[in-house]
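Note sheet for the following structure.
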Amino acid sequence: MPKFAAAARPALADTGLRRALRGTTAQLRGRAAAAAAEPADWEDLREAGRAIGEEALLNLDVHLEDLERAVTEAGGTVHWAADAAEARRVVTGLVRASEAREVLAAASLTLREIGLDGALARAGVAVQETALGDLAVRLGEDEPSHPLSPAAHRDRAGIAELFRRAMPAAGADLPDDPEALAAAARAHLRERFLRARVAVTGANFLVAETGTAVVVESEGNARMCLTLPETLICVAGIDKVVPTWDDMEVFLQLLPRASTGDRMTPYVSSWTGVTPGDGPRAFHLVLLDNGRTRALADEVGRAALRCVGCSACLNVCPVYERTGGRPYGPVHQGPIGAILTPQLRGVESAAMASLPYASTLCGACADVCPVKIDIPDVLVHLRGLVVDSRRRRPVPPPEMVLMRGLAWTMGDPRRHAAVLRRGTRWARLLSRGGRIRRLPGLLGAWTEARDLPAPPAESFRAWWDRTRA
Ligand code: SF4
């Protein structure tokens with residue numbers, strides 16, 4: 001994965017993508033703001049969501065044990081996966097055991113996190129996406145750009161073109177209006193729903209007291225996945241656990257209003273173990289750690305694990321609106337991605353270290369987050385961790401050398417004044433028409449996107465000494 005700034009460059013040059021994203025985020029932003037203004041107790045709900053999330057994380061070990069016990073009692077099987085590789089191994093083994101050659105996938109953020117598609121493809125199993133946006137992304141051999149609207153970077157005409165090519169039954173004159181596209185996708189998927197023997201889903205929440213997986217969605221595709229196949233495999237992060245159904249009452253009010261601006265989500269499906277004669281005959285829950293316990297150990301950073309995946313923070317972020325989701329990596333995007341991904345994967349690599357800097361720290365994300373995650377606070381904390389990790393390197397990176405040089409220079413007034421005099425002379429030599437448009441070496445990163453005024457011939461200190469001494 002490249003550094004954020006490098007990965008964002010193609011998106012910044014793509015006006016079509018930026019126009020499509022601006023439209024999607026503005027619409028979602030407006031709807032969410034109107035929905036949040038409706039309930040008189042919205043701020044109380046947010047505070048309740050924060051408190052429940054915090055308590056659930058602080059006592060995660062107890063809640064996870066409760067969850068495992070309840071799932072097992074309901075006839076399901078719990079598998080623990082320390083990392084993505086172990087989760088892939090578990091799921092691939094279960095699919096192989098079922099002898100299925102095709103699986104349905106829904107609510108697939110966690111599935112993307114563990115790279116399940118590639119693992120199943122290597123095992124000779126095809127994965128069929130069931131959500132309209134995910135389907136469009138897959139047909140376009142593309143990366144998703146928004147968790148709720150994975151094809152937000154594509155316009156409707158482009159999606160219709162993909163559907164016409166992949167779904168001959170939809171007809172060569174398939175119009176590009178949303179209803180026609182949804183109907184074409186539904187017809188395309190129906191037959192697959194009916195023949196599928198295995199489905200793999202994520203989960204928005206896991207209720208510990210009853211061992212229930214809860215999936216919240218607007219299309220109904222995940223509900224079909226939960227209901228029709230013989231084997232249901234649910235892959236969810238350990239951070240998705242909520243203790244009780246009373247807690248769900250709070251999250252089911254917060255989530256739809258913050259994400260799509262709806263008072264209620266069209267489909268809330270909950271699944272508890274197996275029921276003879278009804279639904280899947282086998283239910284497997286794969287509980288994924290993959291860096292979450294490391295994040296949990298960080299008193300500031302663990303707030304990111306409270307995220308309920310509403311994507312409200314993406315829709316108000318000025319950086320995300322211009323770059324789209326891809327520069328943040330394939331899974332968690334926008335402001336929450338900038339704080340969650342480096343914690344899950346560590347800040348040592350250049351790509352991970354660049355994510356906490358992919359922000360203006362304007363604070364809009366914290367204002368809208370329904371569970372009150374102070375994203376700017378975590379960003380600043382992670383920037384500190386990035387600097388600490390660089391300090392520990394045997395060969396310091398160029399920025400560190402530069403900063404150490406600056407500290408040495410500014411640590412002595414005479415040294416500082418001498419360097420300032422020389423630096424001013426050089427800077428004035430580099431300027432054209434009173435502006436410096438290109439700086440050499442490392443400093444060139446600054447002038448890549450902006451210029452700066454040439455310094456005056458006489459510094460303030462020199463003027464002060466000359467006139468007041
Ligand atoms: S961090 Fe908050 S606003 Fe962003 S997706 Fe998570 S819950 Fe929603």
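Note on naming: chains are A, B, ... as they come in the structure tokens, residues start from 1 per chain, ligands start from 1 in the order shown.
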Each residue of chain A with at least one atom at most 7 Å from ligand 1 should appear once, together with its nearest atom pair and the corresponding distance in Å (one decimal); atoms considered: only C-alpha atoms and all ligand atoms; ordering: chain, then increasing residue number; output as JSON lines.
```
{"residue": "A:Ala304", "atom": "CA", "partner": "ligand 1", "partner_atom_place_in_ligand_line": "1 (S)", "distance": 6.5}
{"residue": "A:Arg306", "atom": "CA", "partner": "ligand 1", "partner_atom_place_in_ligand_line": "7 (S)", "distance": 7.0}
{"residue": "A:Cys307", "atom": "CA", "partner": "ligand 1", "partner_atom_place_in_ligand_line": "6 (Fe)", "distance": 3.7}
{"residue": "A:Val308", "atom": "CA", "partner": "ligand 1", "partner_atom_place_in_ligand_line": "7 (S)", "distance": 4.4}
{"residue": "A:Gly309", "atom": "CA", "partner": "ligand 1", "partner_atom_place_in_ligand_line": "5 (S)", "distance": 4.1}
{"residue": "A:Cys310", "atom": "CA", "partner": "ligand 1", "partner_atom_place_in_ligand_line": "8 (Fe)", "distance": 3.9}
{"residue": "A:Ser311", "atom": "CA", "partner": "ligand 1", "partner_atom_place_in_ligand_line": "5 (S)", "distance": 3.7}
{"residue": "A:Ala312", "atom": "CA", "partner": "ligand 1", "partner_atom_place_in_ligand_line": "3 (S)", "distance": 4.3}
{"residue": "A:Cys313", "atom": "CA", "partner": "ligand 1", "partner_atom_place_in_ligand_line": "3 (S)", "distance": 4.0}
{"residue": "A:Leu314", "atom": "CA", "partner": "ligand 1", "partner_atom_place_in_ligand_line": "4 (Fe)", "distance": 6.5}
{"residue": "A:Pro335", "atom": "CA", "partner": "ligand 1", "partner_atom_place_in_ligand_line": "4 (Fe)", "distance": 6.7}
{"residue": "A:Ile336", "atom": "CA", "partner": "ligand 1", "partner_atom_place_in_ligand_line": "1 (S)", "distance": 4.8}
{"residue": "A:Cys365", "atom": "CA", "partner": "ligand 1", "partner_atom_place_in_ligand_line": "3 (S)", "distance": 6.2}
{"residue": "A:Val368", "atom": "CA", "partner": "ligand 1", "partner_atom_place_in_ligand_line": "3 (S)", "distance": 5.9}
{"residue": "A:Cys369", "atom": "CA", "partner": "ligand 1", "partner_atom_place_in_ligand_line": "3 (S)", "distance": 3.6}
{"residue": "A:Pro370", "atom": "CA", "partner": "ligand 1", "partner_atom_place_in_ligand_line": "7 (S)", "distance": 5.7}
{"residue": "A:Val371", "atom": "CA", "partner": "ligand 1", "partner_atom_place_in_ligand_line": "7 (S)", "distance": 5.7}
{"residue": "A:Lys372", "atom": "CA", "partner": "ligand 1", "partner_atom_place_in_ligand_line": "2 (Fe)", "distance": 6.6}
{"residue": "A:Ile373", "atom": "CA", "partner": "ligand 1", "partner_atom_place_in_ligand_line": "2 (Fe)", "distance": 5.8}
```
Once you have the residues from the selection above, write them out as an mmCIF file, in the first residue's frame, restricted to N, CA, C and O atoms.
```
data_model
loop_
_atom_site.group_PDB
_atom_site.id
_atom_site.type_symbol
_atom_site.label_atom_id
_atom_site.label_comp_id
_atom_site.auth_asym_id
_atom_site.auth_seq_id
_atom_site.Cartn_x
_atom_site.Cartn_y
_atom_site.Cartn_z
ATOM 1 N N ALA A 304 -11.531 4.295 18.796
ATOM 2 C CA ALA A 304 -11.868 3.957 17.408
ATOM 3 C C ALA A 304 -12.671 2.663 17.322
ATOM 4 O O ALA A 304 -13.450 2.468 16.386
ATOM 5 N N ARG A 306 -15.072 1.859 19.078
ATOM 6 C CA ARG A 306 -16.506 2.102 19.338
ATOM 7 C C ARG A 306 -17.292 2.314 18.044
ATOM 8 O O ARG A 306 -18.515 2.349 18.055
ATOM 9 N N CYS A 307 -16.583 2.486 16.951
ATOM 10 C CA CYS A 307 -17.220 2.849 15.676
ATOM 11 C C CYS A 307 -18.356 1.882 15.326
ATOM 12 O O CYS A 307 -18.198 0.669 15.409
ATOM 13 N N VAL A 308 -19.488 2.445 14.922
ATOM 14 C CA VAL A 308 -20.606 1.592 14.499
ATOM 15 C C VAL A 308 -20.738 1.567 12.975
ATOM 16 O O VAL A 308 -21.719 1.062 12.443
ATOM 17 N N GLY A 309 -19.751 2.143 12.283
ATOM 18 C CA GLY A 309 -19.709 2.024 10.818
ATOM 19 C C GLY A 309 -20.796 2.805 10.093
ATOM 20 O O GLY A 309 -21.275 2.372 9.051
ATOM 21 N N CYS A 310 -21.153 3.991 10.633
ATOM 22 C CA CYS A 310 -22.236 4.744 9.982
ATOM 23 C C CYS A 310 -21.749 5.537 8.781
ATOM 24 O O CYS A 310 -22.533 5.939 7.933
ATOM 25 N N SER A 311 -20.466 5.835 8.731
ATOM 26 C CA SER A 311 -19.797 6.616 7.681
ATOM 27 C C SER A 311 -20.147 8.105 7.697
ATOM 28 O O SER A 311 -19.817 8.819 6.750
ATOM 29 N N ALA A 312 -20.766 8.605 8.760
ATOM 30 C CA ALA A 312 -21.055 10.038 8.841
ATOM 31 C C ALA A 312 -19.773 10.867 8.800
ATOM 32 O O ALA A 312 -19.744 11.963 8.220
ATOM 33 N N CYS A 313 -18.697 10.334 9.393
ATOM 34 C CA CYS A 313 -17.447 11.109 9.426
ATOM 35 C C CYS A 313 -16.850 11.268 8.027
ATOM 36 O O CYS A 313 -16.216 12.280 7.725
ATOM 37 N N LEU A 314 -17.075 10.281 7.168
ATOM 38 C CA LEU A 314 -16.575 10.400 5.787
ATOM 39 C C LEU A 314 -17.311 11.519 5.056
ATOM 40 O O LEU A 314 -16.714 12.290 4.300
ATOM 41 N N PRO A 335 -12.020 9.447 7.795
ATOM 42 C CA PRO A 335 -11.414 9.732 9.105
ATOM 43 C C PRO A 335 -11.306 8.501 10.007
ATOM 44 O O PRO A 335 -10.289 8.316 10.678
ATOM 45 N N ILE A 336 -12.328 7.651 10.014
ATOM 46 C CA ILE A 336 -12.238 6.470 10.890
ATOM 47 C C ILE A 336 -11.143 5.530 10.382
ATOM 48 O O ILE A 336 -10.412 4.931 11.173
ATOM 49 N N CYS A 365 -15.646 15.686 11.828
ATOM 50 C CA CYS A 365 -15.947 14.264 12.046
ATOM 51 C C CYS A 365 -16.389 14.007 13.483
ATOM 52 O O CYS A 365 -17.329 13.243 13.728
ATOM 53 N N VAL A 368 -20.075 15.022 14.192
ATOM 54 C CA VAL A 368 -21.199 14.215 13.685
ATOM 55 C C VAL A 368 -21.185 12.777 14.194
ATOM 56 O O VAL A 368 -22.182 12.072 14.039
ATOM 57 N N CYS A 369 -20.091 12.334 14.761
ATOM 58 C CA CYS A 369 -19.999 10.908 15.132
ATOM 59 C C CYS A 369 -21.086 10.559 16.160
ATOM 60 O O CYS A 369 -21.148 11.149 17.237
ATOM 61 N N PRO A 370 -21.943 9.587 15.857
ATOM 62 C CA PRO A 370 -23.064 9.294 16.764
ATOM 63 C C PRO A 370 -22.616 8.676 18.079
ATOM 64 O O PRO A 370 -23.396 8.670 19.030
ATOM 65 N N VAL A 371 -21.370 8.136 18.134
ATOM 66 C CA VAL A 371 -20.908 7.561 19.403
ATOM 67 C C VAL A 371 -19.748 8.390 19.980
ATOM 68 O O VAL A 371 -18.970 7.907 20.800
ATOM 69 N N LYS A 372 -19.697 9.643 19.515
ATOM 70 C CA LYS A 372 -18.781 10.647 20.083
ATOM 71 C C LYS A 372 -17.312 10.219 20.099
ATOM 72 O O LYS A 372 -16.637 10.372 21.121
ATOM 73 N N ILE A 373 -16.842 9.659 18.994
ATOM 74 C CA ILE A 373 -15.405 9.363 18.920
ATOM 75 C C ILE A 373 -14.702 10.670 18.574
ATOM 76 O O ILE A 373 -15.029 11.304 17.562
#
```
Skip A:Val137 itself and residues of its chain fewer than 6 positions away, then list as a PyMOL selection string all residues within 12 Å of it, counting only C-alpha atoms. chain A and resi 128-131+143-147+149-155+158-159+162-163
Can you check which residues of stretch 6-168 of chain A DSSP gives as helix (DSSP H, G or I) on the backbone and send them as a PyMOL selection string? chain A and resi 6-13+15-37+42-58+60-73+84-98+109-114+116-122+132-139+156-166+168
Need the shell around A:Leu252: protein/DNA/RNA residues with any atom at most 10 Å away, counting only C-alpha atoms. Skip same-chain ones fewer than 6 positions apart. Format as number ranges by chain? A: 216, 263-265, 268
Expected file contents, prior selection, all heavy atoms, as a tab-separated table (two decimals), in the first residue's frame:
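Saved the output as out-v3.tsv:
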```tsv
chain	number	residue	atom	x	y	z
A	216	VAL	N	-27.46	-4.86	9.68
A	216	VAL	CA	-28.30	-3.69	9.39
A	216	VAL	C	-28.03	-3.28	7.95
A	216	VAL	O	-26.88	-3.02	7.60
A	216	VAL	CB	-27.92	-2.54	10.36
A	216	VAL	CG1	-28.75	-1.31	10.09
A	216	VAL	CG2	-28.08	-2.98	11.81
A	263	ARG	N	-35.00	7.31	9.64
A	263	ARG	CA	-35.39	7.12	11.04
A	263	ARG	C	-35.18	5.67	11.45
A	263	ARG	O	-34.89	5.38	12.60
A	263	ARG	CB	-36.87	7.49	11.22
A	263	ARG	CG	-37.07	8.98	11.07
A	263	ARG	CD	-38.51	9.34	11.04
A	263	ARG	NE	-38.65	10.77	10.82
A	263	ARG	CZ	-39.66	11.33	10.21
A	263	ARG	NH1	-40.64	10.60	9.73
A	263	ARG	NH2	-39.70	12.64	10.05
A	264	MET	N	-35.39	4.77	10.49
A	264	MET	CA	-35.15	3.34	10.75
A	264	MET	C	-34.45	2.75	9.54
A	264	MET	O	-34.67	3.21	8.43
A	264	MET	CB	-36.48	2.60	10.92
A	264	MET	CG	-37.01	2.61	12.33
A	264	MET	SD	-38.55	1.68	12.39
A	264	MET	CE	-37.94	0.03	12.29
A	265	THR	N	-33.64	1.74	9.76
A	265	THR	CA	-33.03	1.05	8.63
A	265	THR	C	-34.07	0.09	8.04
A	265	THR	O	-34.80	-0.57	8.79
A	265	THR	CB	-31.82	0.24	9.11
A	265	THR	OG1	-31.00	1.10	9.87
A	265	THR	CG2	-31.01	-0.29	7.95
A	268	VAL	N	-33.36	-4.86	9.42
A	268	VAL	CA	-32.50	-5.22	10.56
A	268	VAL	C	-32.71	-6.72	10.76
A	268	VAL	O	-33.78	-7.15	11.17
A	268	VAL	CB	-32.88	-4.45	11.84
A	268	VAL	CG1	-31.99	-4.88	13.00
A	268	VAL	CG2	-32.75	-2.94	11.62
```
For A:Glu38, the closest of A:Met1, A:Gly53, A:Ala180, A:Asp262 counting only C-alpha atoms is A:Asp262
Write out as a ChimeraX atom specification which residues come within 10 Å of A:Tyr320 when counting only C-alpha atoms, dropping same-chain ones fewer than 6 positions away. /A:8,18,21-22,25,145-146,313-314,326-328,333-335,358-359
Residues just named, written with all heavy atoms as a compact mmCIF listing (two decimals), in the first residue's frame:
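So the final result, stored in result_37.txt, reads:
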```txt
# COMPACT_ATOMS: atom_id res chain seq x y z
N ALA A 8 -3.34 9.41 -3.23
CA ALA A 8 -4.43 10.36 -3.47
C ALA A 8 -4.26 11.14 -4.77
O ALA A 8 -5.23 11.71 -5.28
CB ALA A 8 -4.51 11.35 -2.30
N ARG A 18 -14.40 13.16 -8.42
CA ARG A 18 -14.63 14.16 -7.37
C ARG A 18 -16.07 14.68 -7.43
O ARG A 18 -16.71 14.91 -6.41
CB ARG A 18 -13.63 15.29 -7.48
CG ARG A 18 -12.23 14.82 -7.08
CD ARG A 18 -11.18 15.86 -7.30
NE ARG A 18 -11.44 17.08 -6.55
CZ ARG A 18 -10.64 18.13 -6.58
NH1 ARG A 18 -9.55 18.09 -7.31
NH2 ARG A 18 -10.92 19.20 -5.90
N LEU A 21 -18.36 11.95 -6.00
CA LEU A 21 -18.23 11.86 -4.54
C LEU A 21 -18.89 13.05 -3.85
O LEU A 21 -19.55 12.90 -2.83
CB LEU A 21 -16.76 11.86 -4.15
CG LEU A 21 -16.08 10.50 -4.07
CD1 LEU A 21 -14.61 10.71 -3.76
CD2 LEU A 21 -16.72 9.65 -2.98
N ARG A 22 -18.68 14.24 -4.46
CA ARG A 22 -19.26 15.44 -3.84
C ARG A 22 -20.78 15.30 -3.77
O ARG A 22 -21.40 15.62 -2.77
CB ARG A 22 -18.85 16.68 -4.65
CG ARG A 22 -18.98 17.96 -3.87
CD ARG A 22 -18.21 19.11 -4.49
NE ARG A 22 -18.46 19.27 -5.90
CZ ARG A 22 -17.53 19.25 -6.84
NH1 ARG A 22 -16.27 19.06 -6.50
NH2 ARG A 22 -17.83 19.41 -8.11
N THR A 25 -21.71 12.55 -1.01
CA THR A 25 -21.48 12.96 0.38
C THR A 25 -22.40 14.12 0.76
O THR A 25 -22.92 14.15 1.88
CB THR A 25 -20.01 13.36 0.63
OG1 THR A 25 -19.62 14.31 -0.35
CG2 THR A 25 -19.09 12.18 0.58
N SER A 145 -15.21 2.81 -2.80
CA SER A 145 -14.76 4.14 -2.38
C SER A 145 -15.55 4.68 -1.21
O SER A 145 -15.25 5.76 -0.71
CB SER A 145 -14.84 5.12 -3.55
OG SER A 145 -16.15 5.14 -4.05
N HIS A 146 -16.59 3.97 -0.76
CA HIS A 146 -17.41 4.46 0.36
C HIS A 146 -18.07 3.23 0.98
O HIS A 146 -18.58 2.39 0.25
CB HIS A 146 -18.46 5.44 -0.18
CG HIS A 146 -19.21 6.18 0.89
ND1 HIS A 146 -20.21 5.60 1.63
CD2 HIS A 146 -19.10 7.44 1.34
CE1 HIS A 146 -20.68 6.50 2.49
NE2 HIS A 146 -20.03 7.61 2.34
N CYS A 313 -18.70 10.33 9.39
CA CYS A 313 -17.45 11.11 9.43
C CYS A 313 -16.85 11.27 8.03
O CYS A 313 -16.22 12.28 7.73
CB CYS A 313 -16.45 10.49 10.39
SG CYS A 313 -16.05 8.77 10.07
N LEU A 314 -17.08 10.28 7.17
CA LEU A 314 -16.58 10.40 5.79
C LEU A 314 -17.31 11.52 5.06
O LEU A 314 -16.71 12.29 4.30
CB LEU A 314 -16.81 9.11 5.01
CG LEU A 314 -15.89 7.92 5.24
CD1 LEU A 314 -16.18 7.24 6.55
CD2 LEU A 314 -15.99 6.94 4.10
N ARG A 326 -10.10 5.26 -1.75
CA ARG A 326 -8.99 4.35 -2.09
C ARG A 326 -7.66 4.67 -1.42
O ARG A 326 -6.97 3.75 -0.98
CB ARG A 326 -8.84 4.28 -3.61
CG ARG A 326 -9.83 3.32 -4.21
CD ARG A 326 -9.68 3.20 -5.67
NE ARG A 326 -10.62 4.10 -6.35
CZ ARG A 326 -10.80 4.11 -7.65
NH1 ARG A 326 -10.11 3.30 -8.42
NH2 ARG A 326 -11.67 4.93 -8.20
N PRO A 327 -7.27 5.95 -1.29
CA PRO A 327 -5.95 6.21 -0.67
C PRO A 327 -5.84 5.74 0.77
O PRO A 327 -4.74 5.58 1.29
CB PRO A 327 -5.83 7.74 -0.75
CG PRO A 327 -6.77 8.16 -1.82
CD PRO A 327 -7.89 7.17 -1.80
N TYR A 328 -6.99 5.52 1.44
CA TYR A 328 -6.95 5.07 2.84
C TYR A 328 -6.68 3.58 2.95
O TYR A 328 -6.53 3.06 4.05
CB TYR A 328 -8.28 5.36 3.53
CG TYR A 328 -8.62 6.84 3.67
CD1 TYR A 328 -9.34 7.49 2.69
CD2 TYR A 328 -8.23 7.56 4.79
CE1 TYR A 328 -9.67 8.83 2.80
CE2 TYR A 328 -8.55 8.90 4.92
CZ TYR A 328 -9.28 9.54 3.92
OH TYR A 328 -9.60 10.86 4.04
N GLN A 333 -12.14 3.45 5.50
CA GLN A 333 -11.83 4.67 4.75
C GLN A 333 -12.20 5.93 5.53
O GLN A 333 -12.88 5.85 6.55
CB GLN A 333 -12.58 4.62 3.42
CG GLN A 333 -12.17 3.39 2.62
CD GLN A 333 -13.09 3.11 1.46
OE1 GLN A 333 -14.21 3.58 1.41
NE2 GLN A 333 -12.60 2.32 0.53
N GLY A 334 -11.75 7.06 5.01
CA GLY A 334 -12.11 8.34 5.62
C GLY A 334 -11.48 8.51 6.99
O GLY A 334 -10.55 7.80 7.36
N PRO A 335 -12.02 9.45 7.80
CA PRO A 335 -11.41 9.73 9.10
C PRO A 335 -11.31 8.50 10.01
O PRO A 335 -10.29 8.32 10.68
CB PRO A 335 -12.38 10.77 9.70
CG PRO A 335 -12.97 11.44 8.51
CD PRO A 335 -13.10 10.39 7.45
N ALA A 358 -3.53 12.40 7.20
CA ALA A 358 -4.48 12.65 6.11
C ALA A 358 -5.71 13.37 6.65
O ALA A 358 -6.84 12.91 6.53
CB ALA A 358 -4.88 11.31 5.47
N SER A 359 -5.48 14.51 7.29
CA SER A 359 -6.58 15.23 7.92
C SER A 359 -6.19 16.68 8.13
O SER A 359 -5.03 16.99 8.36
CB SER A 359 -6.89 14.59 9.28
OG SER A 359 -7.78 15.41 10.02
```
As a PyMOL selection string, please: the residues near stretch 198-205 of chain A (cut-off 7 Å, only C-alpha atoms, same-chain neighbours under 5 positions excluded). chain A and resi 100+103-111+213-216+225+229-236+240-242
How many Å lie between atom CA of A:Leu344 and atom CA of A:Asp83, rounded to one decimal? 10.2 Å
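Nearest to A:Pro175 of all the residues A:Glu65, A:Glu161, A:Glu217, A:Asp246 is A:Glu161, based on only C-alpha atoms.
Non-sequential neighbours of A:Ala85 (distance at most 12 Å, separation of 6 or more positions within a chain, only C-alpha atoms) are A:Val91, A:Thr92, A:Leu111, A:Glu113, A:Ile114, A:Gly115, A:Leu116, A:Gly118, A:Ala119, A:Leu288, A:Asp289, A:Asn290.
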So that I can see what lies close to A:Val90, please list as an MDAnalysis selection string the residues with an atom at most 10 Å from it, counting only C-alpha atoms and leaving out residues fewer than 6 positions away in the same chain. chainID A and resid 79:81 84 96 233 284 286
Can I get the selection written as a tab-separated table (two decimals), in the first residue's frame, with N, CA, C and O atoms?
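Output file out_7.tsv follows:
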```
chain	number	residue	atom	x	y	z
A	79	HIS	N	-15.50	-19.75	16.33
A	79	HIS	CA	-14.09	-19.95	15.98
A	79	HIS	C	-13.37	-18.64	16.33
A	79	HIS	O	-13.88	-17.56	16.06
A	80	TRP	N	-12.17	-18.75	16.88
A	80	TRP	CA	-11.40	-17.56	17.23
A	80	TRP	C	-10.27	-17.41	16.20
A	80	TRP	O	-9.56	-18.37	15.92
A	81	ALA	N	-10.12	-16.21	15.66
A	81	ALA	CA	-9.07	-15.98	14.66
A	81	ALA	C	-8.19	-14.83	15.14
A	81	ALA	O	-8.65	-13.70	15.28
A	84	ALA	N	-5.81	-12.21	10.15
A	84	ALA	CA	-6.55	-12.42	8.90
A	84	ALA	C	-6.25	-13.81	8.33
A	84	ALA	O	-7.16	-14.49	7.82
A	96	ARG	N	-14.79	-25.54	2.13
A	96	ARG	CA	-14.32	-26.80	1.51
A	96	ARG	C	-15.13	-27.98	2.04
A	96	ARG	O	-15.55	-28.85	1.28
A	233	ILE	N	-21.83	-18.54	7.51
A	233	ILE	CA	-20.57	-18.24	8.20
A	233	ILE	C	-20.53	-16.73	8.42
A	233	ILE	O	-20.63	-15.96	7.46
A	284	HIS	N	-21.77	-20.68	11.84
A	284	HIS	CA	-20.40	-20.54	12.36
A	284	HIS	C	-20.11	-19.06	12.56
A	284	HIS	O	-20.33	-18.25	11.65
A	286	VAL	N	-17.05	-16.54	13.26
A	286	VAL	CA	-15.58	-16.39	13.33
A	286	VAL	C	-15.30	-15.03	13.97
A	286	VAL	O	-15.64	-13.98	13.41
```
At what distance in Å, to one decimal, does atom CA of A:Arg192 lie from atom CA of A:Gly211? 28.4 Å
Of A:Ala282, A:Ala353, A:Ala26, A:Val125, the one sitting nearest A:Thr77 when using only C-alpha atoms is A:Ala282
Go ahead and compute the interatomic distance for atom CA of A:Thr15 and atom CA of A:Glu219, in Å to one decimal. 29.3 Å
From the set A:Val378, A:Leu94, A:Leu174, A:Leu148, which residue has the shortest atom-to-atom contact distance to A:Thr260, counting only C-alpha atoms? A:Leu148
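In this comparison, which uses only C-alpha atoms, the residue of A:Arg69, A:Arg165, A:Arg19, A:Arg197 approaching A:Thr212 most closely is A:Arg69.
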Just the strand (DSSP E or B) stuff from stretch 232-454 of chain A, please, per backbone DSSP, written as a ChimeraX atom specification. /A:232-237,241-242,267-272,275,278,282-288,432,435-436,452-453
